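Visitor: I'd like to ask you about the structure that follows.
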Amino acid sequence: MATASGGARFEFASDQSLLVYFDELKETGRAESGLPQGEKSRAQARPLQSQIALQANEKVRKLLRLLEMDPIAGVRNVHPAYCSLLVKFDGLRLRHDEVEAVLRRYLERLEEIKLPEPRLVEIPVCYGGEFGPDLAEVCAIHGMRPARVVELHASAEYLVYFLGFVPGFAYLGELPEALVTPRLAVPRRRVPAGSVGIAGNQTGVYPFATPGGWRLIGRTPVAMFRDERAGFSLLAIGDRVRFAPISAERFGELEKEWA
Amino acid sequence: MGVIQVQEPGLFTTVQDLGREGFGAMGVSASGAADAVSLRLGNRMVGNREGAAGLEMTLLGGTITFLERALLALTGSDFGAALDGKPVELWSSFESKAEQTLRLGPTRTGARCYLCVQGGIAVELFLGSASTHILSGLGGHEGRALRKGDALKIGAEGGAIHERRLTARALKELQPRKVLRVTEGPQSDWFPESARRLFYESRYRVAEESNRMGIRLEGAIVPVLSGGEMISEGVSLGAIQVPEGGKPIILFVEQQTTGGYPKIANVISADLHSLGQLRPRDEIRFERVNWETARALLREQEDLMASEDLISG
């Protein structure tokens, strides 16, 4: 059920949704399959493949923007991700081929879409200790001192590729090469809200206490997802993010402010 | 404005409506009633709009007192309800006088029973919906399942008191299914033909740890062709993903919005309500249908929901 169009590929997802993929270089959407075992695990640690993911994600953001500016009647929801957009529609009003036809016309207009200037959001993080229970292991894996891990993590400016998993969870990339770390073999049943984790070449903040397999190196006192008055999600797709190291005292102060 | 007093909450009782669509870009899934058909019908029986908020009870119902006269309907699974000791029927509206108490017990049939009240349950909306999203603690009544001592307000909207019941034909046609019809998933071709055959020929058992986020299945292990890990992408309601280990999971109403496991199939829209009535240890199997059939079955179900002879006065 896959068809290609101007660098995009369409695939039926359910009887009321379809996927638009911009990863034309990987025909099946499969991440580095058919590699020898060692190569494969290395590839799996890097879900983002730099330039490919960046270019594809820009198209995702442009299509999302176009759909916000010019909504399609009968489309109910969209779920953006790294290189794809899931489009959910009312199956009583629209068929897949109709949605696809409209989206193809939208894709022809992608070039003219200007994305807004990215916001730069700074997120304060208290690294290590009880807030970053995996920092020591991350240090051990890379043969680094904690201060170096913190310095590296806080040195980069990250792109919000998309929000997914749970409300307000931003997938940030890319982590400095030296910090690329596989996720935990066994996920935690409960990761505290505000935990800052790394997995492969991604990093992110858990907005709520949820199960999770990312390695935790710190915690932020800032609420990632709040009520209506605060505009819900702290981060939006396309934002730029920096992490700023703070002390445990400052964490306590900020926590009171955000409570 | 009427008030509902929760004497006993039951196992897991939440406020639900038909959910919130349109916030996928923020990572917010739709949530909403696990068996939307039952909630919609319950609302119609008490003269509400279909999407009004009601109570979704899971496996074991609670005990609830109505401080004022109220028109009620129970739909979905039979929890052996009684009003001040007198059994009440499912799929039919009935009146509670002031200070009467509705007591529900353990399920006798499916997994979820809905209590609809004329006027609907009034809670502050979160992103346009009254639905409780448990994982994030947002929406519904304080973002959580009900507790003993909670008091819920009943909304003002709704018509005159007028008793109605679901017709036998409608009840039969909307009966939850154990053979779930599915369409191909976006990564169906990641699974060898033998794995797909196994998936469609096997019976699966609903695991204990299933919830509104996902229905975990036990049974034949489904081998994935290679790799097994993919780039995260948006996932739809009813998607059947197969993680490493090969135990399928059906993504449900409080689903994650994106995921990185291949999806072998997707439950068709007309059968989603049946998922809401699955209990741990229930046995199910999957039947593949084409896109035309899936569309036609949804149309058929909605035509039935819209038909004049669905509910008798």
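Starting from 1 in every chain, residues are counted up; chains themselves are A, B, ... following the order of the structure tokens, and ligands are numbered from 1 as listed.
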Env of Leu64 (chain A): 9 Å cut, atoms = only C-alpha atoms, seq-sep filter 5 positions within chain, self excluded. Answer as number ranges by chain.
Guide: A: 59, 69, 78, 80, 85; B: 25
Visitor: The selected residues should be written to file as a PDB file, in the first residue's frame (atoms: C-alpha atoms).
Guide:
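File part12.pdb, as written:
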ATOM      1  CA  LYS A  59       9.654  18.487   6.035  1.00  0.00           C
ATOM      2  CA  MET A  69      -2.598  26.989   8.733  1.00  0.00           C
ATOM      3  CA  VAL A  78      -1.685  14.364  13.581  1.00  0.00           C
ATOM      4  CA  PRO A  80       4.561  13.989  14.096  1.00  0.00           C
ATOM      5  CA  LEU A  85       3.623  12.225  10.213  1.00  0.00           C
TER       6      LEU A  85
ATOM      7  CA  ALA B  25       1.760  17.233  18.276  1.00  0.00           C
TER       8      ALA B  25
END
Visitor: I'd like the contact shell of region 256-268 of chain B - 7 Å cut-off, only C-alpha atoms, skipping same-chain residues fewer than 6 positions apart - returned as a VMD selection string.
Guide: (chain A and resid 14 to 15 79 164 to 166) or (chain B and resid 24 27 to 29 180 to 188 228 to 235 238 to 243 294)
Visitor: Could you take the residues named above and write them with N, CA, C and O atoms, as a compact mmCIF listing (two decimals), in the first residue's frame?
Guide:
# COMPACT_ATOMS: atom_id res chain seq x y z
N SER A 14 -4.12 2.58 9.68
CA SER A 14 -5.34 1.91 10.15
C SER A 14 -6.44 2.31 9.18
O SER A 14 -6.18 3.03 8.22
N ASP A 15 -7.70 1.87 9.46
CA ASP A 15 -8.78 2.23 8.54
C ASP A 15 -9.16 3.70 8.66
O ASP A 15 -9.96 4.20 7.88
N HIS A 79 0.14 13.01 14.43
CA HIS A 79 1.21 12.65 15.35
C HIS A 79 2.54 12.77 14.59
O HIS A 79 2.91 11.85 13.85
N GLY A 164 6.23 13.23 21.87
CA GLY A 164 5.51 11.96 21.74
C GLY A 164 5.61 11.16 23.01
O GLY A 164 6.08 11.69 24.03
N PHE A 165 5.18 9.92 22.96
CA PHE A 165 5.18 9.01 24.10
C PHE A 165 4.12 9.45 25.10
O PHE A 165 3.05 8.87 25.15
N VAL A 166 4.39 10.48 25.89
CA VAL A 166 3.37 11.03 26.82
C VAL A 166 3.31 12.54 26.62
O VAL A 166 4.21 13.13 26.02
N GLY B 24 -2.06 15.68 19.22
CA GLY B 24 -1.00 14.70 19.00
C GLY B 24 0.38 15.34 18.92
O GLY B 24 1.37 14.74 19.34
N GLY B 27 2.06 15.38 22.09
CA GLY B 27 2.24 14.07 22.73
C GLY B 27 1.03 13.62 23.52
O GLY B 27 1.12 12.68 24.30
N VAL B 28 -0.10 14.30 23.31
CA VAL B 28 -1.32 13.97 24.07
C VAL B 28 -2.20 13.03 23.25
O VAL B 28 -2.62 13.39 22.15
N SER B 29 -2.47 11.84 23.78
CA SER B 29 -3.34 10.92 23.06
C SER B 29 -4.80 11.21 23.41
O SER B 29 -5.09 11.92 24.37
N LEU B 180 -11.38 -10.43 16.78
CA LEU B 180 -11.22 -9.03 16.39
C LEU B 180 -10.77 -8.94 14.95
O LEU B 180 -9.81 -9.61 14.55
N ARG B 181 -11.46 -8.09 14.22
CA ARG B 181 -11.08 -7.92 12.82
C ARG B 181 -10.01 -6.85 12.70
O ARG B 181 -10.09 -5.82 13.38
N VAL B 182 -9.02 -7.12 11.90
CA VAL B 182 -7.88 -6.21 11.78
C VAL B 182 -7.54 -5.96 10.31
O VAL B 182 -7.86 -6.77 9.44
N THR B 183 -6.88 -4.83 10.08
CA THR B 183 -6.28 -4.56 8.77
C THR B 183 -4.77 -4.70 8.92
O THR B 183 -4.26 -4.74 10.04
N GLU B 184 -4.06 -4.78 7.79
CA GLU B 184 -2.60 -4.92 7.82
C GLU B 184 -1.97 -3.71 8.52
O GLU B 184 -2.44 -2.59 8.35
N GLY B 185 -0.90 -3.96 9.27
CA GLY B 185 -0.19 -2.85 9.91
C GLY B 185 0.82 -2.25 8.95
O GLY B 185 1.16 -2.87 7.94
N PRO B 186 1.31 -1.02 9.26
CA PRO B 186 2.26 -0.39 8.34
C PRO B 186 3.59 -1.15 8.20
O PRO B 186 4.32 -0.91 7.26
N GLN B 187 3.89 -2.05 9.14
CA GLN B 187 5.12 -2.85 9.00
C GLN B 187 4.79 -4.34 8.85
O GLN B 187 5.60 -5.20 9.21
N SER B 188 3.63 -4.67 8.31
CA SER B 188 3.27 -6.08 8.11
C SER B 188 4.37 -6.84 7.41
O SER B 188 4.64 -8.01 7.72
N GLY B 228 14.19 -5.38 14.22
CA GLY B 228 13.20 -5.32 15.28
C GLY B 228 13.05 -3.92 15.81
O GLY B 228 12.03 -3.56 16.36
N GLU B 229 14.08 -3.10 15.62
CA GLU B 229 13.99 -1.73 16.10
C GLU B 229 13.86 -0.80 14.90
O GLU B 229 14.51 -0.96 13.89
N MET B 230 13.00 0.18 15.04
CA MET B 230 12.81 1.09 13.92
C MET B 230 12.80 2.52 14.45
O MET B 230 12.84 2.75 15.66
N ILE B 231 12.76 3.46 13.53
CA ILE B 231 12.68 4.86 13.93
C ILE B 231 11.27 5.12 14.45
O ILE B 231 10.30 4.75 13.79
N SER B 232 11.15 5.77 15.61
CA SER B 232 9.83 6.03 16.19
C SER B 232 8.93 6.76 15.20
O SER B 232 9.38 7.66 14.50
N GLU B 233 7.67 6.36 15.18
CA GLU B 233 6.69 7.04 14.33
C GLU B 233 5.35 7.09 15.04
O GLU B 233 5.15 6.42 16.07
N GLY B 234 4.43 7.90 14.51
CA GLY B 234 3.10 8.02 15.12
C GLY B 234 2.38 6.69 15.08
O GLY B 234 2.52 5.93 14.12
N VAL B 235 1.63 6.38 16.14
CA VAL B 235 0.90 5.12 16.19
C VAL B 235 -0.59 5.40 16.35
O VAL B 235 -0.99 6.33 17.04
N GLY B 238 -5.51 1.11 18.47
CA GLY B 238 -5.76 -0.27 18.03
C GLY B 238 -4.60 -0.88 17.27
O GLY B 238 -4.71 -2.01 16.79
N ALA B 239 -3.47 -0.17 17.17
CA ALA B 239 -2.29 -0.72 16.49
C ALA B 239 -1.78 -1.91 17.31
O ALA B 239 -1.75 -1.86 18.54
N ILE B 240 -1.38 -2.99 16.61
CA ILE B 240 -0.84 -4.16 17.31
C ILE B 240 0.66 -4.18 17.05
O ILE B 240 1.12 -4.52 15.96
N GLN B 241 1.42 -3.75 18.07
CA GLN B 241 2.87 -3.70 17.91
C GLN B 241 3.50 -4.95 18.50
O GLN B 241 2.98 -5.54 19.43
N VAL B 242 4.63 -5.33 17.91
CA VAL B 242 5.33 -6.52 18.38
C VAL B 242 6.74 -6.12 18.82
O VAL B 242 7.60 -5.89 17.99
N PRO B 243 6.95 -5.98 20.12
CA PRO B 243 8.30 -5.63 20.60
C PRO B 243 9.23 -6.83 20.51
O PRO B 243 8.82 -7.94 20.18
N ALA B 294 -13.28 -3.04 6.17
CA ALA B 294 -13.14 -2.26 7.41
C ALA B 294 -13.99 -0.99 7.33
O ALA B 294 -14.71 -0.64 8.27
Visitor: Write out as a PDB file with N, CA and C atoms, in the first residue's frame all residues of region 11-200 of chain A that backbone DSSP assigns to alpha helix (DSSP H).
Guide:
ATOM      1  N   GLN A  37      25.872  -8.242  13.517  1.00  0.00           N
ATOM      2  CA  GLN A  37      25.336  -8.007  14.858  1.00  0.00           C
ATOM      3  C   GLN A  37      25.918  -6.768  15.549  1.00  0.00           C
ATOM      4  N   GLY A  38      27.261  -6.660  15.526  1.00  0.00           N
ATOM      5  CA  GLY A  38      27.900  -5.524  16.204  1.00  0.00           C
ATOM      6  C   GLY A  38      27.499  -4.203  15.579  1.00  0.00           C
ATOM      7  N   GLU A  39      27.501  -4.198  14.243  1.00  0.00           N
ATOM      8  CA  GLU A  39      27.114  -3.000  13.510  1.00  0.00           C
ATOM      9  C   GLU A  39      25.686  -2.611  13.841  1.00  0.00           C
ATOM     10  N   LYS A  40      24.852  -3.653  13.951  1.00  0.00           N
ATOM     11  CA  LYS A  40      23.429  -3.401  14.172  1.00  0.00           C
ATOM     12  C   LYS A  40      23.204  -2.713  15.513  1.00  0.00           C
ATOM     13  N   SER A  41      23.881  -3.223  16.556  1.00  0.00           N
ATOM     14  CA  SER A  41      23.634  -2.617  17.860  1.00  0.00           C
ATOM     15  C   SER A  41      24.158  -1.187  17.883  1.00  0.00           C
ATOM     16  N   ARG A  42      25.226  -0.934  17.125  1.00  0.00           N
ATOM     17  CA  ARG A  42      25.714   0.451  17.057  1.00  0.00           C
ATOM     18  C   ARG A  42      24.706   1.329  16.333  1.00  0.00           C
ATOM     19  N   ALA A  43      24.146   0.789  15.243  1.00  0.00           N
ATOM     20  CA  ALA A  43      23.168   1.562  14.479  1.00  0.00           C
ATOM     21  C   ALA A  43      21.933   1.834  15.331  1.00  0.00           C
ATOM     22  N   GLN A  44      21.563   0.835  16.133  1.00  0.00           N
ATOM     23  CA  GLN A  44      20.362   0.999  16.950  1.00  0.00           C
ATOM     24  C   GLN A  44      20.545   2.051  18.032  1.00  0.00           C
ATOM     25  N   SER A  50      21.708  11.960  11.573  1.00  0.00           N
ATOM     26  CA  SER A  50      22.162  13.313  11.280  1.00  0.00           C
ATOM     27  C   SER A  50      21.387  13.983  10.162  1.00  0.00           C
ATOM     28  N   GLN A  51      22.074  14.147   9.037  1.00  0.00           N
ATOM     29  CA  GLN A  51      21.533  14.971   7.965  1.00  0.00           C
ATOM     30  C   GLN A  51      20.206  14.443   7.440  1.00  0.00           C
ATOM     31  N   ILE A  52      20.095  13.132   7.331  1.00  0.00           N
ATOM     32  CA  ILE A  52      18.864  12.535   6.806  1.00  0.00           C
ATOM     33  C   ILE A  52      17.701  12.906   7.709  1.00  0.00           C
ATOM     34  N   ALA A  53      17.890  12.666   9.010  1.00  0.00           N
ATOM     35  CA  ALA A  53      16.820  12.930   9.960  1.00  0.00           C
ATOM     36  C   ALA A  53      16.494  14.414  10.007  1.00  0.00           C
ATOM     37  N   LEU A  54      17.518  15.271   9.975  1.00  0.00           N
ATOM     38  CA  LEU A  54      17.290  16.711  10.037  1.00  0.00           C
ATOM     39  C   LEU A  54      16.458  17.202   8.860  1.00  0.00           C
ATOM     40  N   GLN A  55      16.831  16.755   7.666  1.00  0.00           N
ATOM     41  CA  GLN A  55      16.098  17.193   6.470  1.00  0.00           C
ATOM     42  C   GLN A  55      14.669  16.651   6.469  1.00  0.00           C
ATOM     43  N   ALA A  56      14.535  15.385   6.839  1.00  0.00           N
ATOM     44  CA  ALA A  56      13.205  14.782   6.861  1.00  0.00           C
ATOM     45  C   ALA A  56      12.347  15.472   7.916  1.00  0.00           C
ATOM     46  N   ASN A  57      12.952  15.745   9.081  1.00  0.00           N
ATOM     47  CA  ASN A  57      12.188  16.360  10.162  1.00  0.00           C
ATOM     48  C   ASN A  57      11.738  17.776   9.792  1.00  0.00           C
ATOM     49  N   GLU A  58      12.546  18.474   9.014  1.00  0.00           N
ATOM     50  CA  GLU A  58      12.143  19.818   8.580  1.00  0.00           C
ATOM     51  C   GLU A  58      10.890  19.724   7.711  1.00  0.00           C
ATOM     52  N   LYS A  59      10.843  18.688   6.875  1.00  0.00           N
ATOM     53  CA  LYS A  59       9.654  18.487   6.035  1.00  0.00           C
ATOM     54  C   LYS A  59       8.439  18.141   6.904  1.00  0.00           C
ATOM     55  N   VAL A  60       8.669  17.329   7.944  1.00  0.00           N
ATOM     56  CA  VAL A  60       7.576  16.989   8.871  1.00  0.00           C
ATOM     57  C   VAL A  60       7.027  18.272   9.485  1.00  0.00           C
ATOM     58  N   ARG A  61       7.936  19.137   9.944  1.00  0.00           N
ATOM     59  CA  ARG A  61       7.489  20.379  10.601  1.00  0.00           C
ATOM     60  C   ARG A  61       6.782  21.304   9.621  1.00  0.00           C
ATOM     61  N   LYS A  62       7.256  21.326   8.383  1.00  0.00           N
ATOM     62  CA  LYS A  62       6.598  22.179   7.382  1.00  0.00           C
ATOM     63  C   LYS A  62       5.195  21.668   7.054  1.00  0.00           C
ATOM     64  N   LEU A  63       5.074  20.354   6.913  1.00  0.00           N
ATOM     65  CA  LEU A  63       3.750  19.793   6.616  1.00  0.00           C
ATOM     66  C   LEU A  63       2.801  20.018   7.796  1.00  0.00           C
ATOM     67  N   LEU A  64       3.323  19.866   9.005  1.00  0.00           N
ATOM     68  CA  LEU A  64       2.523  20.102  10.210  1.00  0.00           C
ATOM     69  C   LEU A  64       2.036  21.549  10.225  1.00  0.00           C
ATOM     70  N   ARG A  65       2.949  22.470   9.903  1.00  0.00           N
ATOM     71  CA  ARG A  65       2.611  23.897   9.904  1.00  0.00           C
ATOM     72  C   ARG A  65       1.535  24.186   8.855  1.00  0.00           C
ATOM     73  N   LEU A  66       1.707  23.587   7.687  1.00  0.00           N
ATOM     74  CA  LEU A  66       0.745  23.779   6.604  1.00  0.00           C
ATOM     75  C   LEU A  66      -0.641  23.257   7.014  1.00  0.00           C
ATOM     76  N   LEU A  67      -0.652  22.125   7.707  1.00  0.00           N
ATOM     77  CA  LEU A  67      -1.930  21.542   8.148  1.00  0.00           C
ATOM     78  C   LEU A  67      -2.576  22.387   9.244  1.00  0.00           C
ATOM     79  N   GLU A  68      -1.746  23.087  10.023  1.00  0.00           N
ATOM     80  CA  GLU A  68      -2.300  23.979  11.049  1.00  0.00           C
ATOM     81  C   GLU A  68      -2.875  25.237  10.404  1.00  0.00           C
ATOM     82  N   MET A  69      -2.156  25.760   9.389  1.00  0.00           N
ATOM     83  CA  MET A  69      -2.598  26.989   8.733  1.00  0.00           C
ATOM     84  C   MET A  69      -3.820  26.732   7.866  1.00  0.00           C
ATOM     85  N   HIS A  96      -8.742   6.924   2.384  1.00  0.00           N
ATOM     86  CA  HIS A  96      -7.280   7.105   2.339  1.00  0.00           C
ATOM     87  C   HIS A  96      -6.837   7.849   1.078  1.00  0.00           C
ATOM     88  N   ASP A  97      -7.392   7.413  -0.073  1.00  0.00           N
ATOM     89  CA  ASP A  97      -6.913   8.017  -1.325  1.00  0.00           C
ATOM     90  C   ASP A  97      -7.266   9.498  -1.413  1.00  0.00           C
ATOM     91  N   GLU A  98      -8.390   9.880  -0.779  1.00  0.00           N
ATOM     92  CA  GLU A  98      -8.753  11.302  -0.786  1.00  0.00           C
ATOM     93  C   GLU A  98      -7.799  12.115   0.087  1.00  0.00           C
ATOM     94  N   VAL A  99      -7.484  11.577   1.267  1.00  0.00           N
ATOM     95  CA  VAL A  99      -6.553  12.272   2.155  1.00  0.00           C
ATOM     96  C   VAL A  99      -5.193  12.379   1.473  1.00  0.00           C
ATOM     97  N   GLU A 100      -4.781  11.270   0.858  1.00  0.00           N
ATOM     98  CA  GLU A 100      -3.486  11.251   0.180  1.00  0.00           C
ATOM     99  C   GLU A 100      -3.441  12.294  -0.946  1.00  0.00           C
ATOM    100  N   ALA A 101      -4.525  12.396  -1.709  1.00  0.00           N
ATOM    101  CA  ALA A 101      -4.559  13.353  -2.820  1.00  0.00           C
ATOM    102  C   ALA A 101      -4.401  14.784  -2.306  1.00  0.00           C
ATOM    103  N   VAL A 102      -5.091  15.099  -1.213  1.00  0.00           N
ATOM    104  CA  VAL A 102      -4.975  16.457  -0.646  1.00  0.00           C
ATOM    105  C   VAL A 102      -3.558  16.681  -0.135  1.00  0.00           C
ATOM    106  N   LEU A 103      -3.017  15.673   0.560  1.00  0.00           N
ATOM    107  CA  LEU A 103      -1.669  15.822   1.121  1.00  0.00           C
ATOM    108  C   LEU A 103      -0.616  15.987   0.024  1.00  0.00           C
ATOM    109  N   ARG A 104      -0.818  15.320  -1.119  1.00  0.00           N
ATOM    110  CA  ARG A 104       0.124  15.474  -2.238  1.00  0.00           C
ATOM    111  C   ARG A 104       0.154  16.920  -2.706  1.00  0.00           C
ATOM    112  N   ARG A 105      -1.004  17.559  -2.727  1.00  0.00           N
ATOM    113  CA  ARG A 105      -1.036  18.979  -3.136  1.00  0.00           C
ATOM    114  C   ARG A 105      -0.321  19.833  -2.086  1.00  0.00           C
ATOM    115  N   TYR A 106      -0.491  19.453  -0.808  1.00  0.00           N
ATOM    116  CA  TYR A 106       0.206  20.179   0.262  1.00  0.00           C
ATOM    117  C   TYR A 106       1.721  20.031   0.107  1.00  0.00           C
ATOM    118  N   LEU A 107       2.148  18.835  -0.256  1.00  0.00           N
ATOM    119  CA  LEU A 107       3.586  18.574  -0.369  1.00  0.00           C
ATOM    120  C   LEU A 107       4.223  19.448  -1.447  1.00  0.00           C
ATOM    121  N   GLU A 108       3.435  19.764  -2.486  1.00  0.00           N
ATOM    122  CA  GLU A 108       3.965  20.626  -3.544  1.00  0.00           C
ATOM    123  C   GLU A 108       4.212  22.042  -3.038  1.00  0.00           C
ATOM    124  N   LEU A 135      24.275   8.419  36.295  1.00  0.00           N
ATOM    125  CA  LEU A 135      25.432   9.227  35.881  1.00  0.00           C
ATOM    126  C   LEU A 135      26.734   8.439  36.053  1.00  0.00           C
ATOM    127  N   ALA A 136      26.862   7.740  37.171  1.00  0.00           N
ATOM    128  CA  ALA A 136      28.096   6.991  37.443  1.00  0.00           C
ATOM    129  C   ALA A 136      28.337   5.936  36.362  1.00  0.00           C
ATOM    130  N   GLU A 137      27.251   5.242  35.950  1.00  0.00           N
ATOM    131  CA  GLU A 137      27.413   4.199  34.943  1.00  0.00           C
ATOM    132  C   GLU A 137      27.754   4.793  33.572  1.00  0.00           C
ATOM    133  N   VAL A 138      27.142   5.933  33.265  1.00  0.00           N
ATOM    134  CA  VAL A 138      27.451   6.611  32.003  1.00  0.00           C
ATOM    135  C   VAL A 138      28.931   6.995  31.997  1.00  0.00           C
ATOM    136  N   CYS A 139      29.431   7.481  33.148  1.00  0.00           N
ATOM    137  CA  CYS A 139      30.853   7.821  33.285  1.00  0.00           C
ATOM    138  C   CYS A 139      31.720   6.587  33.050  1.00  0.00           C
ATOM    139  N   ALA A 140      31.294   5.469  33.637  1.00  0.00           N
ATOM    140  CA  ALA A 140      32.061   4.226  33.521  1.00  0.00           C
ATOM    141  C   ALA A 140      32.102   3.750  32.066  1.00  0.00           C
ATOM    142  N   ILE A 141      30.956   3.825  31.372  1.00  0.00           N
ATOM    143  CA  ILE A 141      30.888   3.375  29.971  1.00  0.00           C
ATOM    144  C   ILE A 141      31.869   4.162  29.101  1.00  0.00           C
ATOM    145  N   HIS A 142      31.963   5.480  29.352  1.00  0.00           N
ATOM    146  CA  HIS A 142      32.780   6.328  28.478  1.00  0.00           C
ATOM    147  C   HIS A 142      34.150   6.654  29.059  1.00  0.00           C
ATOM    148  N   PRO A 146      32.389  12.700  35.997  1.00  0.00           N
ATOM    149  CA  PRO A 146      31.032  13.270  35.968  1.00  0.00           C
ATOM    150  C   PRO A 146      31.008  14.693  35.403  1.00  0.00           C
ATOM    151  N   ALA A 147      31.990  15.499  35.802  1.00  0.00           N
ATOM    152  CA  ALA A 147      32.006  16.897  35.352  1.00  0.00           C
ATOM    153  C   ALA A 147      32.068  16.991  33.825  1.00  0.00           C
ATOM    154  N   ARG A 148      32.763  16.028  33.206  1.00  0.00           N
ATOM    155  CA  ARG A 148      32.897  16.039  31.747  1.00  0.00           C
ATOM    156  C   ARG A 148      31.571  15.670  31.075  1.00  0.00           C
ATOM    157  N   VAL A 149      30.864  14.685  31.650  1.00  0.00           N
ATOM    158  CA  VAL A 149      29.561  14.296  31.112  1.00  0.00           C
ATOM    159  C   VAL A 149      28.592  15.485  31.184  1.00  0.00           C
ATOM    160  N   VAL A 150      28.594  16.155  32.334  1.00  0.00           N
ATOM    161  CA  VAL A 150      27.714  17.316  32.525  1.00  0.00           C
ATOM    162  C   VAL A 150      28.077  18.409  31.519  1.00  0.00           C
ATOM    163  N   GLU A 151      29.391  18.656  31.393  1.00  0.00           N
ATOM    164  CA  GLU A 151      29.862  19.705  30.486  1.00  0.00           C
ATOM    165  C   GLU A 151      29.403  19.409  29.052  1.00  0.00           C
ATOM    166  N   LEU A 152      29.578  18.148  28.636  1.00  0.00           N
ATOM    167  CA  LEU A 152      29.188  17.760  27.274  1.00  0.00           C
ATOM    168  C   LEU A 152      27.678  17.894  27.073  1.00  0.00           C
ATOM    169  N   HIS A 153      26.909  17.380  28.044  1.00  0.00           N
ATOM    170  CA  HIS A 153      25.450  17.399  27.905  1.00  0.00           C
ATOM    171  C   HIS A 153      24.927  18.832  27.847  1.00  0.00           C
ATOM    172  N   ALA A 154      25.543  19.718  28.648  1.00  0.00           N
ATOM    173  CA  ALA A 154      25.080  21.114  28.724  1.00  0.00           C
ATOM    174  C   ALA A 154      25.708  21.998  27.647  1.00  0.00           C
ATOM    175  N   SER A 155      26.633  21.419  26.855  1.00  0.00           N
ATOM    176  CA  SER A 155      27.326  22.254  25.862  1.00  0.00           C
ATOM    177  C   SER A 155      26.554  22.339  24.546  1.00  0.00           C
TER     178      SER A 155
END
Visitor: So which one's closest to chain B, A:Arg240, A:Arg93, A:Arg250, A:Arg188? Using only C-alpha atoms, please.
Guide: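 The answer is A:Arg93, which sits nearest to chain B.
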Visitor: Using only C-alpha atoms, find the one residue out of A:Pro245, A:Gly200, A:Gly132, A:Gly143 that sits nearest to chain B.
Guide: A:Gly200
